[in-house]
$ cat my_file33.csv   # CSV, C-alpha atoms and all ligand atoms
chain,number,residue,atom,x,y,z
P,756,MET,CA,-135.5,168.2,184.0
P,757,LYS,CA,-134.4,171.6,182.8
P,758,ILE,CA,-136.5,172.7,179.9
P,759,GLY,CA,-135.2,175.5,177.6
P,760,VAL,CA,-137.8,177.4,175.6
P,761,LEU,CA,-136.9,179.5,172.5
P,762,GLY,CA,-139.2,182.4,173.0
P,763,ALA,CA,-140.6,183.9,176.1
P,764,GLY,CA,-144.3,184.8,175.3
P,765,GLN,CA,-147.5,183.6,176.8
P,766,LEU,CA,-147.1,180.0,175.5
P,767,GLY,CA,-143.8,179.7,177.3
P,768,ARG,CA,-145.4,181.2,180.4
P,769,MET,CA,-148.2,178.6,180.4
P,770,LEU,CA,-145.8,175.8,179.7
P,771,ALA,CA,-143.8,176.7,182.8
P,772,ILE,CA,-147.0,177.1,185.0
P,773,SER,CA,-147.9,173.6,184.0
P,774,GLY,CA,-144.4,172.1,184.3
P,775,TYR,CA,-143.4,173.2,187.8
P,776,PRO,CA,-145.7,170.7,189.6
P,777,LEU,CA,-143.9,168.0,187.7
P,778,ASN,CA,-140.6,169.2,189.2
P,779,HIS,CA,-139.2,170.7,186.0
P,780,GLN,CA,-137.3,173.9,185.7
P,781,PHE,CA,-137.5,176.4,182.9
P,782,GLY,CA,-135.2,178.8,181.0
P,783,PHE,CA,-136.3,181.1,178.2
P,784,SER,CA,-134.6,183.0,175.4
P,785,GLY,CA,-136.4,186.1,174.4
P,786,ASN,CA,-135.9,189.6,173.2
P,787,SER,CA,-136.2,191.3,176.5
P,788,ILE,CA,-136.8,190.7,180.2
P,789,ASP,CA,-140.2,192.3,179.9
P,790,GLU,CA,-141.7,189.3,178.1
P,791,PRO,CA,-144.5,187.2,179.6
P,792,SER,CA,-142.3,184.3,180.5
P,793,ALA,CA,-139.5,186.3,182.0
P,794,LEU,CA,-140.3,185.9,185.6
P,795,LEU,CA,-141.3,182.2,185.2
P,796,GLY,CA,-137.7,180.9,185.0
P,797,HIS,CA,-134.1,181.8,184.0
P,798,MET,CA,-134.2,184.4,181.4
P,799,PHE,CA,-131.5,184.5,178.7
P,800,ALA,CA,-132.4,187.8,177.0
P,801,LEU,CA,-130.9,188.2,173.6
P,802,GLU,CA,-131.2,192.0,174.0
P,803,ASP,CA,-128.5,191.8,176.7
P,804,ASN,CA,-126.1,189.3,175.1
P,805,LYS,CA,-126.1,187.5,171.7
P,806,ASP,CA,-124.4,184.5,173.3
P,807,ASN,CA,-127.4,183.8,175.4
P,808,ILE,CA,-128.6,181.0,173.2
P,809,GLU,CA,-125.4,179.1,174.1
P,810,SER,CA,-126.1,179.8,177.8
P,811,LEU,CA,-129.7,178.5,177.4
P,812,VAL,CA,-128.3,175.3,175.7
P,813,ALA,CA,-125.8,174.9,178.6
P,814,PHE,CA,-128.7,175.2,181.0
P,815,ALA,CA,-131.2,172.9,179.3
P,816,ASP,CA,-131.7,169.1,179.2
P,817,VAL,CA,-134.2,169.5,176.4
P,818,ILE,CA,-135.1,172.4,174.2
P,819,THR,CA,-138.5,173.3,172.8
P,820,TYR,CA,-139.8,176.4,170.9
P,821,GLU,CA,-142.8,178.6,171.1
P,822,SER,CA,-143.1,179.5,167.4
P,823,GLU,CA,-142.9,177.8,164.0
P,824,ASN,CA,-141.1,181.0,162.9
P,825,THR,CA,-138.0,179.9,164.8
P,826,ASP,CA,-134.8,180.0,162.7
P,827,ILE,CA,-134.0,176.4,161.5
P,828,ALA,CA,-130.3,177.2,161.4
P,829,ILE,CA,-130.4,177.8,165.2
P,830,ILE,CA,-132.2,174.5,165.7
P,831,LYS,CA,-129.6,172.7,163.6
P,832,GLU,CA,-126.8,174.2,165.7
P,833,ILE,CA,-128.4,173.6,169.0
P,834,SER,CA,-129.3,170.0,168.1
P,835,LYS,CA,-125.6,169.1,168.1
P,836,ASN,CA,-125.5,169.6,171.9
P,837,VAL,CA,-129.0,169.0,173.2
P,838,VAL,CA,-132.1,167.3,172.1
P,839,VAL,CA,-134.8,169.6,170.5
P,840,TYR,CA,-138.5,168.6,170.5
P,841,PRO,CA,-140.4,168.8,168.3
P,842,GLY,CA,-137.6,167.9,165.9
P,843,GLU,CA,-136.1,169.6,162.8
P,844,LYS,CA,-138.5,167.9,160.4
P,845,SER,CA,-141.6,169.2,162.2
P,846,LEU,CA,-140.2,172.8,162.3
P,847,PHE,CA,-138.9,172.7,158.7
P,848,THR,CA,-142.3,171.5,157.3
P,849,THR,CA,-144.6,173.7,159.4
P,850,GLN,CA,-142.7,177.0,158.9
P,851,HIS,CA,-143.4,177.1,155.2
P,852,ARG,CA,-146.9,176.9,153.8
P,853,GLY,CA,-145.7,175.3,150.6
P,854,ARG,CA,-143.8,172.5,152.3
P,855,GLU,CA,-146.7,171.9,154.6
P,856,LYS,CA,-149.2,171.6,151.7
P,857,ALA,CA,-146.8,169.3,149.8
P,858,LEU,CA,-146.8,167.0,152.8
P,859,PHE,CA,-150.7,167.1,153.0
P,860,ASP,CA,-150.7,166.1,149.3
P,861,GLN,CA,-148.2,163.3,149.8
P,862,LEU,CA,-150.2,161.9,152.7
P,863,ASN,CA,-153.6,162.3,150.9
P,864,ILE,CA,-154.8,164.8,153.4
P,865,PRO,CA,-157.3,167.2,151.7
P,866,CYS,CA,-156.3,170.9,151.6
P,867,ALA,CA,-157.2,173.9,149.4
P,868,PRO,CA,-155.8,173.9,145.8
P,869,TYR,CA,-152.6,176.0,145.8
P,870,GLN,CA,-149.7,177.4,143.7
P,871,MET,CA,-146.4,178.9,144.8
P,872,VAL,CA,-145.9,182.4,143.6
P,873,ASN,CA,-142.6,184.3,143.2
P,874,SER,CA,-143.6,187.1,140.7
P,875,GLU,CA,-146.6,188.9,139.3
P,876,ALA,CA,-146.5,186.7,136.3
P,877,ASP,CA,-146.6,183.6,138.6
P,878,LEU,CA,-149.6,185.1,140.3
P,879,LYS,CA,-151.4,185.7,137.0
P,880,ALA,CA,-150.8,182.0,136.0
P,881,ALA,CA,-151.8,180.8,139.5
P,882,VAL,CA,-155.1,182.8,139.4
P,883,GLU,CA,-155.9,181.2,136.0
P,884,LYS,CA,-155.2,177.7,137.5
P,885,ILE,CA,-157.0,178.1,140.8
P,886,SER,CA,-159.6,180.8,139.9
P,887,LEU,CA,-161.0,183.4,142.3
P,888,PRO,CA,-161.8,184.0,145.1
P,889,ALA,CA,-158.4,182.9,146.5
P,890,ILE,CA,-156.1,184.1,149.2
P,891,LEU,CA,-152.5,185.1,148.6
P,892,LYS,CA,-150.3,184.5,151.7
P,893,THR,CA,-146.6,184.8,152.4
P,894,ALA,CA,-145.1,181.4,152.4
P,895,THR,CA,-143.4,182.0,155.8
P,896,ASP,CA,-143.8,184.2,158.9
P,897,GLY,CA,-147.6,184.7,158.8
P,898,TYR,CA,-149.6,184.8,162.1
P,899,ASP,CA,-153.0,186.1,163.1
P,900,GLY,CA,-154.0,186.5,159.5
P,901,LYS,CA,-151.0,188.9,158.8
P,902,GLY,CA,-149.4,188.8,155.3
P,903,GLN,CA,-152.6,187.8,153.5
P,904,PHE,CA,-154.6,189.3,150.6
P,905,LEU,CA,-158.1,188.1,149.7
P,906,MET,CA,-158.4,188.3,145.9
P,907,ARG,CA,-161.9,188.5,144.5
P,908,ASP,CA,-161.1,189.9,141.0
P,909,GLU,CA,-158.4,189.7,138.4
P,910,SER,CA,-158.0,193.4,138.5
P,911,GLN,CA,-156.3,192.9,142.0
P,912,ILE,CA,-153.3,190.9,140.7
P,913,THR,CA,-150.8,193.8,140.8
P,914,GLU,CA,-152.1,195.2,144.1
P,915,ALA,CA,-152.0,191.7,145.7
P,916,TRP,CA,-148.5,190.9,144.5
P,917,GLN,CA,-147.2,194.3,145.7
P,918,SER,CA,-148.7,193.7,149.1
P,919,MET,CA,-146.4,190.7,149.5
P,920,ASN,CA,-143.3,192.9,149.3
P,921,GLY,CA,-141.6,190.5,146.9
P,922,VAL,CA,-141.4,187.5,149.3
P,923,GLU,CA,-142.2,184.0,148.2
P,924,SER,CA,-146.0,183.5,148.5
P,925,ILE,CA,-148.7,180.9,148.0
P,926,LEU,CA,-152.1,181.3,146.3
P,927,GLU,CA,-154.7,179.2,148.0
P,928,GLY,CA,-158.2,178.6,146.7
P,929,PHE,CA,-160.9,180.1,148.9
P,930,VAL,CA,-162.6,177.3,151.0
P,931,ASN,CA,-166.3,177.8,151.5
P,932,PHE,CA,-166.4,176.5,155.0
P,933,LYS,CA,-169.4,176.0,157.4
P,934,ARG,CA,-167.1,176.5,160.4
P,935,GLU,CA,-163.5,176.3,161.5
P,936,LEU,CA,-162.3,173.5,163.7
P,937,SER,CA,-159.0,172.5,165.2
P,938,LEU,CA,-157.5,169.3,166.5
P,939,ILE,CA,-154.8,169.2,169.1
P,940,ALA,CA,-152.8,166.0,169.8
P,941,VAL,CA,-149.6,165.0,171.5
P,942,ARG,CA,-147.1,162.3,170.7
P,943,GLY,CA,-144.7,160.9,173.2
P,944,ILE,CA,-141.1,159.7,172.8
P,945,ASP,CA,-142.5,156.2,173.3
P,946,ASN,CA,-144.9,156.7,170.3
P,947,ASP,CA,-148.0,157.1,172.5
P,948,HIS,CA,-150.6,159.3,170.8
P,949,ARG,CA,-153.4,161.3,172.6
P,950,TYR,CA,-156.0,163.4,171.0
P,951,TYR,CA,-158.2,166.2,172.3
P,952,PRO,CA,-161.7,166.5,170.9
P,953,LEU,CA,-162.2,168.8,167.9
P,954,VAL,CA,-163.0,172.3,168.9
P,955,GLU,CA,-164.8,175.1,167.1
P,956,ASN,CA,-163.0,178.4,166.5
P,957,THR,CA,-164.4,181.8,165.6
P,958,HIS,CA,-162.0,184.4,164.2
P,959,HIS,CA,-162.5,188.2,163.7
P,960,ASN,CA,-160.1,190.1,161.4
P,961,GLY,CA,-157.9,187.0,161.2
P,962,ILE,CA,-157.5,186.7,165.0
P,963,LEU,CA,-159.0,183.9,167.1
P,964,ARG,CA,-161.7,185.3,169.5
P,965,LEU,CA,-163.7,182.3,170.7
P,966,THR,CA,-163.2,178.5,171.0
P,967,ILE,CA,-166.0,176.1,172.0
P,968,ALA,CA,-164.8,172.7,173.3
P,969,PRO,CA,-165.8,170.2,172.3
P,970,ALA,CA,-167.2,171.5,169.0
P,971,GLN,CA,-170.9,170.7,169.0
P,972,ASP,CA,-172.6,168.1,166.7
P,973,ILE,CA,-169.5,166.5,165.5
P,974,ASP,CA,-170.2,163.2,163.8
P,975,PRO,CA,-167.9,160.6,165.4
P,976,VAL,CA,-166.6,159.8,161.8
P,977,VAL,CA,-165.4,163.4,161.5
P,978,GLN,CA,-163.4,163.1,164.8
P,979,THR,CA,-162.0,159.8,163.6
P,980,THR,CA,-161.0,161.3,160.2
P,981,ALA,CA,-159.3,164.2,161.8
P,982,GLU,CA,-157.4,161.9,164.2
P,983,HIS,CA,-156.3,159.8,161.2
P,984,TYR,CA,-154.9,162.9,159.5
P,985,MET,CA,-153.2,163.8,162.7
P,986,GLN,CA,-151.7,160.4,163.3
P,987,THR,CA,-150.4,160.3,159.8
P,988,LEU,CA,-148.7,163.7,160.2
P,989,LEU,CA,-147.3,163.0,163.7
P,990,ASP,CA,-145.8,159.7,162.5
P,991,GLU,CA,-144.4,161.0,159.2
P,992,MET,CA,-142.6,163.9,160.9
P,993,GLY,CA,-141.6,161.8,163.9
P,994,HIS,CA,-143.1,164.5,166.0
P,995,VAL,CA,-142.6,164.7,169.7
P,996,GLY,CA,-144.8,167.1,171.7
P,997,VAL,CA,-148.1,168.8,170.8
P,998,LEU,CA,-149.2,169.3,167.2
P,999,THR,CA,-152.2,171.4,166.1
P,1000,ILE,CA,-154.1,171.1,162.9
P,1001,GLU,CA,-156.5,173.9,161.8
P,1002,LEU,CA,-159.4,172.6,159.7
P,1003,PHE,CA,-162.3,173.8,157.7
P,1004,GLU,CA,-165.6,171.9,158.0
P,1005,THR,CA,-167.3,172.0,154.5
P,1006,GLU,CA,-170.3,170.3,152.9
P,1007,ASP,CA,-167.9,167.7,151.5
P,1008,GLY,CA,-166.0,167.0,154.7
P,1009,LEU,CA,-162.9,168.2,156.3
P,1010,VAL,CA,-160.3,170.4,154.5
P,1011,VAL,CA,-157.0,171.0,156.4
P,1012,ASN,CA,-155.9,174.7,156.6
P,1013,GLU,CA,-152.5,174.6,158.3
P,1014,MET,CA,-150.7,173.1,161.2
P,1015,ALA,CA,-148.6,174.4,164.1
P,1016,PRO,CA,-145.8,172.3,165.9
P,1017,ARG,CA,-146.8,173.6,169.3
P,1018,VAL,CA,-149.4,174.3,171.9
P,1019,HIS,CA,-152.1,176.4,170.3
P,1020,ASN,CA,-154.5,179.3,171.3
P,1021,SER,CA,-157.5,177.0,170.5
P,1022,GLY,CA,-156.2,174.6,173.2
P,1023,HIS,CA,-156.1,177.1,176.1
P,1024,TRP,CA,-159.6,175.8,177.3
P,1025,SER,CA,-157.8,172.6,178.3
P,1026,ILE,CA,-156.1,174.2,181.3
P,1027,GLU,CA,-159.2,173.8,183.4
P,1028,GLY,CA,-161.3,172.0,180.8
P,1029,ALA,CA,-159.4,168.7,180.3
P,1030,ASN,CA,-157.9,166.1,182.7
P,1031,THR,CA,-154.5,167.1,181.4
P,1032,SER,CA,-153.9,170.4,179.6
P,1033,GLN,CA,-152.2,170.8,176.3
P,1034,PHE,CA,-149.3,172.6,178.1
P,1035,GLU,CA,-148.8,169.8,180.6
P,1036,ASN,CA,-149.0,167.2,177.9
P,1037,HIS,CA,-146.3,169.0,175.8
P,1038,VAL,CA,-144.1,169.1,178.8
P,1039,ARG,CA,-144.7,165.5,179.6
P,1040,ALA,CA,-144.0,164.5,176.0
P,1041,ILE,CA,-140.7,166.4,175.6
P,1042,THR,CA,-139.4,165.1,179.0
P,1043,GLY,CA,-140.2,161.5,178.2
P,1044,MET,CA,-142.9,161.3,180.9
P,1045,SER,CA,-146.2,159.3,180.4
P,1046,LEU,CA,-148.8,161.3,178.5
P,1047,GLY,CA,-151.9,162.5,180.4
P,1048,ASP,CA,-155.5,161.8,179.8
P,1049,THR,CA,-157.0,164.3,177.3
P,1050,THR,CA,-160.7,163.8,178.2
P,1051,PRO,CA,-162.7,167.0,178.9
P,1052,VAL,CA,-163.7,167.4,182.5
P,1053,HIS,CA,-166.9,169.4,181.7
P,1054,ASN,CA,-169.7,168.9,179.2
P,1055,PHE,CA,-168.8,172.3,177.7
P,1056,SER,CA,-165.8,174.6,177.8
P,1057,ALA,CA,-165.2,177.9,176.1
P,1058,MET,CA,-162.2,180.2,175.7
P,1059,VAL,CA,-162.6,183.9,175.1
P,1060,ASN,CA,-159.5,185.8,174.1
P,1061,ILE,CA,-158.7,189.1,175.6
P,1062,ILE,CA,-157.4,191.2,172.7
P,1063,GLY,CA,-156.0,194.8,172.7
P,1064,LYS,CA,-157.5,196.0,176.0
P,1065,THR,CA,-157.6,194.1,179.3
P,1066,GLY,CA,-161.3,195.1,179.8
P,1067,PRO,CA,-163.7,194.5,182.7
P,1068,THR,CA,-161.9,191.5,184.3
P,1069,ASN,CA,-164.0,192.0,187.5
P,1070,ILE,CA,-166.9,190.5,185.7
P,1071,VAL,CA,-164.9,187.3,185.2
P,1072,LEU,CA,-163.7,187.1,188.8
P,1073,LYS,CA,-167.3,187.2,189.9
P,1074,MET,CA,-168.4,184.3,187.7
P,1075,PRO,CA,-168.2,180.9,189.5
P,1076,ASN,CA,-167.5,179.0,186.3
P,1077,ALA,CA,-164.9,181.3,184.8
P,1078,HIS,CA,-161.1,181.4,185.0
P,1079,LEU,CA,-159.0,184.5,184.2
P,1080,HIS,CA,-155.6,184.1,182.6
P,1081,LEU,CA,-153.5,187.2,182.0
P,1082,TYR,CA,-150.1,187.2,180.3
P,1083,ASP,CA,-148.5,190.3,181.9
P,1084,LYS,CA,-148.5,192.2,178.6
P,1085,THR,CA,-149.1,195.9,178.0
P,1086,GLU,CA,-152.2,196.9,176.0
P,1087,ARG,CA,-151.8,197.3,172.3
P,1088,ALA,CA,-154.2,197.0,169.4
P,1089,ASP,CA,-154.7,193.3,168.3
P,1090,ARG,CA,-152.4,192.0,171.0
P,1091,LYS,CA,-153.3,188.8,172.8
P,1092,LEU,CA,-153.2,189.9,176.5
P,1093,GLY,CA,-155.0,187.0,178.1
P,1094,HIS,CA,-157.9,184.7,177.9
P,1095,ILE,CA,-160.9,183.6,179.9
P,1096,ASN,CA,-161.9,179.9,180.3
P,1097,ILE,CA,-165.5,179.0,181.0
P,1098,MET,CA,-166.8,175.7,182.2
P,1099,ALA,CA,-170.5,174.7,181.8
P,1100,SER,CA,-172.8,171.7,182.3
P,1101,THR,CA,-175.4,172.7,179.8
P,1102,GLN,CA,-175.6,174.6,176.5
P,1103,THR,CA,-177.8,177.2,178.2
P,1104,GLU,CA,-175.2,177.8,180.9
P,1105,LEU,CA,-172.5,178.1,178.3
P,1106,ASP,CA,-174.5,180.6,176.2
P,1107,GLU,CA,-175.4,182.7,179.3
P,1108,SER,CA,-171.7,182.7,180.4
P,1109,ILE,CA,-170.5,183.8,177.0
P,1110,GLU,CA,-173.2,186.5,177.0
P,1111,LYS,CA,-171.8,187.9,180.3
P,1112,LEU,CA,-168.4,188.2,178.6
P,1113,LYS,CA,-169.8,190.2,175.6
P,1114,ASP,CA,-167.5,193.1,176.4
P,1115,PHE,CA,-164.5,190.9,175.5
P,1116,LEU,CA,-165.9,189.8,172.2
P,1117,PRO,CA,-166.0,191.8,168.9
P,1201,LIG,P1,-152.9,181.9,162.7
P,1201,LIG,O1,-151.4,181.7,162.9
P,1201,LIG,O2,-153.4,182.9,163.6
P,1201,LIG,O3,-153.6,180.6,162.8
P,1201,LIG,P2,-152.3,182.5,160.0
P,1201,LIG,O4,-151.9,183.9,159.9
P,1201,LIG,O5,-151.3,181.5,160.0
P,1201,LIG,O6,-153.2,182.4,161.3
P,1201,LIG,P3,-154.3,181.2,158.4
P,1201,LIG,O7,-154.7,180.3,159.5
P,1201,LIG,O8,-153.8,180.6,157.2
P,1201,LIG,O9,-153.3,182.3,158.9
P,1201,LIG,O10,-155.6,182.1,158.0
P,1201,LIG,C1,-156.2,182.9,159.0
P,1201,LIG,C2,-157.7,182.8,158.8
P,1201,LIG,O11,-158.1,183.2,157.4
P,1201,LIG,C3,-158.3,181.4,158.9
P,1201,LIG,O12,-158.5,181.0,160.2
P,1201,LIG,C4,-159.5,181.5,158.0
P,1201,LIG,O13,-160.6,182.1,158.8
P,1201,LIG,C5,-159.1,182.4,156.9
P,1201,LIG,N1,-158.6,181.6,155.8
P,1201,LIG,C6,-157.3,181.2,155.6
P,1201,LIG,N2,-157.1,180.5,154.5
P,1201,LIG,C7,-158.3,180.4,153.9
P,1201,LIG,C8,-158.8,179.7,152.7
P,1201,LIG,N3,-158.0,179.1,151.9
P,1201,LIG,N4,-160.2,179.7,152.5
P,1201,LIG,C9,-161.0,180.4,153.3
P,1201,LIG,N5,-160.6,181.0,154.5
P,1201,LIG,C10,-159.3,181.0,154.8
P,1202,MG,MG,-154.3,179.7,161.2
$ encode --input "my_file33.csv" --output "structure tokens"
Amino acid sequence: MKIGVLGAGQLGRMLAISGYPLNHQFGFSGNSIDEPSALLGHMFALEDNKDNIESLVAFADVITYESENTDIAIIKEISKNVVVYPGEKSLFTTQHRGREKALFDQLNIPCAPYQMVNSEADLKAAVEKISLPAILKTATDGYDGKGQFLMRDESQITEAWQSMNGVESILEGFVNFKRELSLIAVRGIDNDHRYYPLVENTHHNGILRLTIAPAQDIDPVVQTTAEHYMQTLLDEMGHVGVLTIELFETEDGLVVNEMAPRVHNSGHWSIEGANTSQFENHVRAITGMSLGDTTPVHNFSAMVNIIGKTGPTNIVLKMPNAHLHLYDKTERADRKLGHINIMASTQTELDESIEKLKDFLP
């Protein structure tokens, strides 16, 4: 099939790399032909021609998107002519933190206490209800921890609200977590559901730096609980494709942070680490193919992000158990330029391999 992707970043690039062996073709709409996906398929660059979305729709048998920040009006328009997966409900819900949290509440999925905030007075009232510490976040358009203000003291109310630049925001109670986890799953057109194991994520300055897969010492009940939340969300939204849930592990169990209607950075380990990668499974789902097995191939996998500077990649190439993935992006502070996947049989081998990659970690 011909798959049209809205966006042309590294996620589109890796979708295409996984989809060609299945005989699919790809087209991308992006801002410029310099983007990471540009050489991986037909490129409909918006910079050159505003009508290029129409050309992408004419090209594609099915459309998917790289980001929950995709304009819903465009999806509505496109849907008249070609099927879009994941569908409108998934995008509409996940692109707004308030709508997302309302759905968690409706489905009895635990999340942090929250209040929507549209003014300084709202924020003052929200702080009284939720109490501090709490995090003020823009309701839409956040990524990599951008558009967030950690509030510790009531004296910060004015400063916190001003930092939101007047846009609709949400105040979330601060969750005292032991560690951060994520669950990636895929739902097919035929209602088949497949789950990857929970993985453990370490962030630095709001950016994911390290994923360990599977997360160690996970009680089977915790995996089952996370899968139950996932299944409820997939079914409620009629989701087709990959869905990711970010979670906090706390003393009192799992608390859901947010979700993403797409392949996720914390699933990149699955390229070599699972029988079927998250990318291939997304492609299979949206093209109506049977879903692939999500079982890990190795006892341990890890994913180290390459952020800002490409760094000493020769170290990676010399490691027998490491795989280098670069996204063809120029260096810039905080930019995701690539990642390294590590496979290991033992915890010691995993630890030693991560140690060898210390130049890539903060
Ligand atoms: P991304 O798109 O990269 O996942 P984001 O910008 O959408 O990130 P969040 O995932 O909401 O933002 O927050 C980024 C990080 O900030 C989280 O991974 C977590 O470390 C911390 N964080 C966010 N919300 C809370 C909270 N309510 N309590 C404690 N920590 C939080
Ligand atoms: Mg997040």
$ closest_atom_pairs --input "my_file33.csv" --of "chain P" --to "ligand MG 1202 (chain P)" --cutoff "9 Å" --atoms "all atoms listed in the file" --output "Markdown table"
| residue | atom | partner | partner_atom | distance |
| --- | --- | --- | --- | --- |
| P:Gly897 | CA | P:MG1202 | MG | 8.7 |
| P:Tyr898 | CA | P:MG1202 | MG | 7.0 |
| P:Asp899 | CA | P:MG1202 | MG | 6.8 |
| P:Gly900 | CA | P:MG1202 | MG | 7.0 |
| P:Gly961 | CA | P:MG1202 | MG | 8.1 |
| P:Ile962 | CA | P:MG1202 | MG | 8.6 |
| P:Leu963 | CA | P:MG1202 | MG | 8.6 |
| P:Ile1000 | CA | P:MG1202 | MG | 8.8 |
| P:Glu1001 | CA | P:MG1202 | MG | 6.2 |
| P:Leu1002 | CA | P:MG1202 | MG | 8.9 |
| P:Asn1012 | CA | P:MG1202 | MG | 7.0 |
| P:Glu1013 | CA | P:MG1202 | MG | 6.1 |
| P:Met1014 | CA | P:MG1202 | MG | 7.5 |
| P:Ala1015 | CA | P:MG1202 | MG | 8.3 |
$ residues_near_ligand --input "my_file33.csv" --ligand "ligand LIG 1201 (chain P)" --cutoff "9 Å" --atoms "only C-alpha atoms and all ligand atoms" --output "ChimeraX atom specification"
/P:852,866-869,888-892,895-903,905,926-932,934-935,956-963,1001-1003,1012-1015,1019-1020
$ closest_residue --input "my_file33.csv" --among "P:Tyr1082, P:Asp1114, P:Ile973, P:Asn1030" --to "Gly1066 (chain P)" --atoms "all atoms listed in the file"
P:Asp1114
$ atom_distance --input "my_file33.csv" --atom1 "CA of Ile885 (chain P)" --atom2 "CA of Gln870 (chain P)"
7.9 Å
$ residues_near_point --input "my_file33.csv" --point "(-154.3, 176.7, 172.7)" --cutoff "8 Å" --atoms "only C-alpha atoms" --output "ChimeraX atom specification"
/P:1018-1025,1033
$ residues_around --input "my_file33.csv" --residues "Ser910 (chain P)" --least-positions-apart "4" --cutoff "12 Å" --atoms "all atoms listed in the file" --output "PyMOL selection string"
chain P and resi 878-879+882+887+906+914-916
$ atom_distance --input "my_file33.csv" --atom1 "CA of Ser1056 (chain P)" --atom2 "CA of Met1044 (chain P)"
26.7 Å
$ atom_distance --input "my_file33.csv" --atom1 "CA of Val1059 (chain P)" --atom2 "CA of Lys1073 (chain P)"
15.9 Å
$ residues_around --input "my_file33.csv" --residues "Ile1026 (chain P)" --least-positions-apart "5" --cutoff "9 Å" --atoms "all atoms listed in the file" --output "PyMOL selection string"
chain P and resi 773+1031-1035+1096
$ write_last_selection --input "my_file33.csv" --atoms "C-alpha atoms" --output "mmCIF file, keeping the file's coordinate frame"
data_model
loop_
_atom_site.group_PDB
_atom_site.id
_atom_site.type_symbol
_atom_site.label_atom_id
_atom_site.label_comp_id
_atom_site.auth_asym_id
_atom_site.auth_seq_id
_atom_site.Cartn_x
_atom_site.Cartn_y
_atom_site.Cartn_z
ATOM 1 C CA SER P 773 -147.900 173.600 184.000
ATOM 2 C CA THR P 1031 -154.500 167.100 181.400
ATOM 3 C CA SER P 1032 -153.900 170.400 179.600
ATOM 4 C CA GLN P 1033 -152.200 170.800 176.300
ATOM 5 C CA PHE P 1034 -149.300 172.600 178.100
ATOM 6 C CA GLU P 1035 -148.800 169.800 180.600
ATOM 7 C CA ASN P 1096 -161.900 179.900 180.300
#
$ closest_residue --input "my_file33.csv" --among "P:Pro952, P:Gly785, P:Pro841, P:Pro1067" --to "Ala981 (chain P)" --atoms "only C-alpha atoms"
P:Pro952
$ closest_residue --input "my_file33.csv" --among "P:Gly796, P:Gly774, P:Gly1043, P:Pro791" --to "Leu1081 (chain P)" --atoms "only C-alpha atoms"
P:Pro791
$ closest_residue --input "my_file33.csv" --among "P:Asp860, P:Glu821, P:Asp1083, P:Glu802" --to "Gly759 (chain P)" --atoms "only C-alpha atoms"
P:Glu821
$ closest_residue --input "my_file33.csv" --among "P:Leu989, P:Arg1087, P:Met1074, P:Met1098" --to "Val1052 (chain P)" --atoms "only C-alpha atoms"
P:Met1098
$ closest_residue --input "my_file33.csv" --among "P:Leu801, P:Leu1009, P:Met756, P:Leu953" --to "Asp972 (chain P)" --atoms "only C-alpha atoms"
P:Leu953
$ closest_atom_pairs --input "my_file33.csv" --of "region 1008-1108 of chain P" --to "region 946-951 of chain P" --cutoff "9 Å" --atoms "all atoms listed in the file" --output "tab-separated table"
residue	atom	partner	partner_atom	distance
P:Gly1022	CA	P:Tyr951	CA	8.7
P:Ser1025	CA	P:Tyr951	CA	8.8
P:Ala1029	CA	P:Tyr951	CA	8.5
P:Gln1033	CA	P:Tyr951	CA	8.6
P:Ser1045	CA	P:Asp947	CA	8.4
P:Leu1046	CA	P:Asp947	CA	7.4
P:Gly1047	CA	P:Arg949	CA	8.0
P:Asp1048	CA	P:Arg949	CA	7.5
P:Thr1049	CA	P:Tyr951	CA	5.5
P:Thr1050	CA	P:Tyr951	CA	6.8
P:Pro1051	CA	P:Tyr951	CA	8.0
$ decode --input "my_file33.csv" --residues "region 1087-1110 of chain P" --atoms "C-alpha atoms" --output "short mmCIF file (atom, residue, chain, number, x, y, z; two decimals), in the first residue's frame"
data_model
loop_
_atom_site.label_atom_id
_atom_site.label_comp_id
_atom_site.auth_asym_id
_atom_site.auth_seq_id
_atom_site.Cartn_x
_atom_site.Cartn_y
_atom_site.Cartn_z
CA ARG P 1087 21.62 21.62 17.77
CA ALA P 1088 21.25 21.84 21.55
CA ASP P 1089 18.59 19.43 22.92
CA ARG P 1090 17.83 18.01 19.46
CA LYS P 1091 17.23 14.26 19.09
CA LEU P 1092 19.87 13.27 16.51
CA GLY P 1093 19.77 9.51 16.87
CA HIS P 1094 19.81 6.65 19.31
CA ILE P 1095 21.82 3.58 20.23
CA ASN P 1096 20.23 0.21 20.95
CA ILE P 1097 22.05 -2.26 23.17
CA MET P 1098 21.22 -5.94 23.54
CA ALA P 1099 22.46 -7.99 26.51
CA SER P 1100 22.02 -11.44 28.05
CA THR P 1101 22.82 -10.44 31.62
CA GLN P 1102 22.38 -7.41 33.85
CA THR P 1103 26.20 -7.14 34.12
CA GLU P 1104 26.59 -7.08 30.35
CA LEU P 1105 23.88 -4.43 30.12
CA ASP P 1106 25.49 -2.26 32.83
CA GLU P 1107 28.94 -2.57 31.23
CA SER P 1108 27.55 -1.65 27.81
CA ILE P 1109 25.76 1.43 29.15
CA GLU P 1110 28.99 2.41 30.94
#
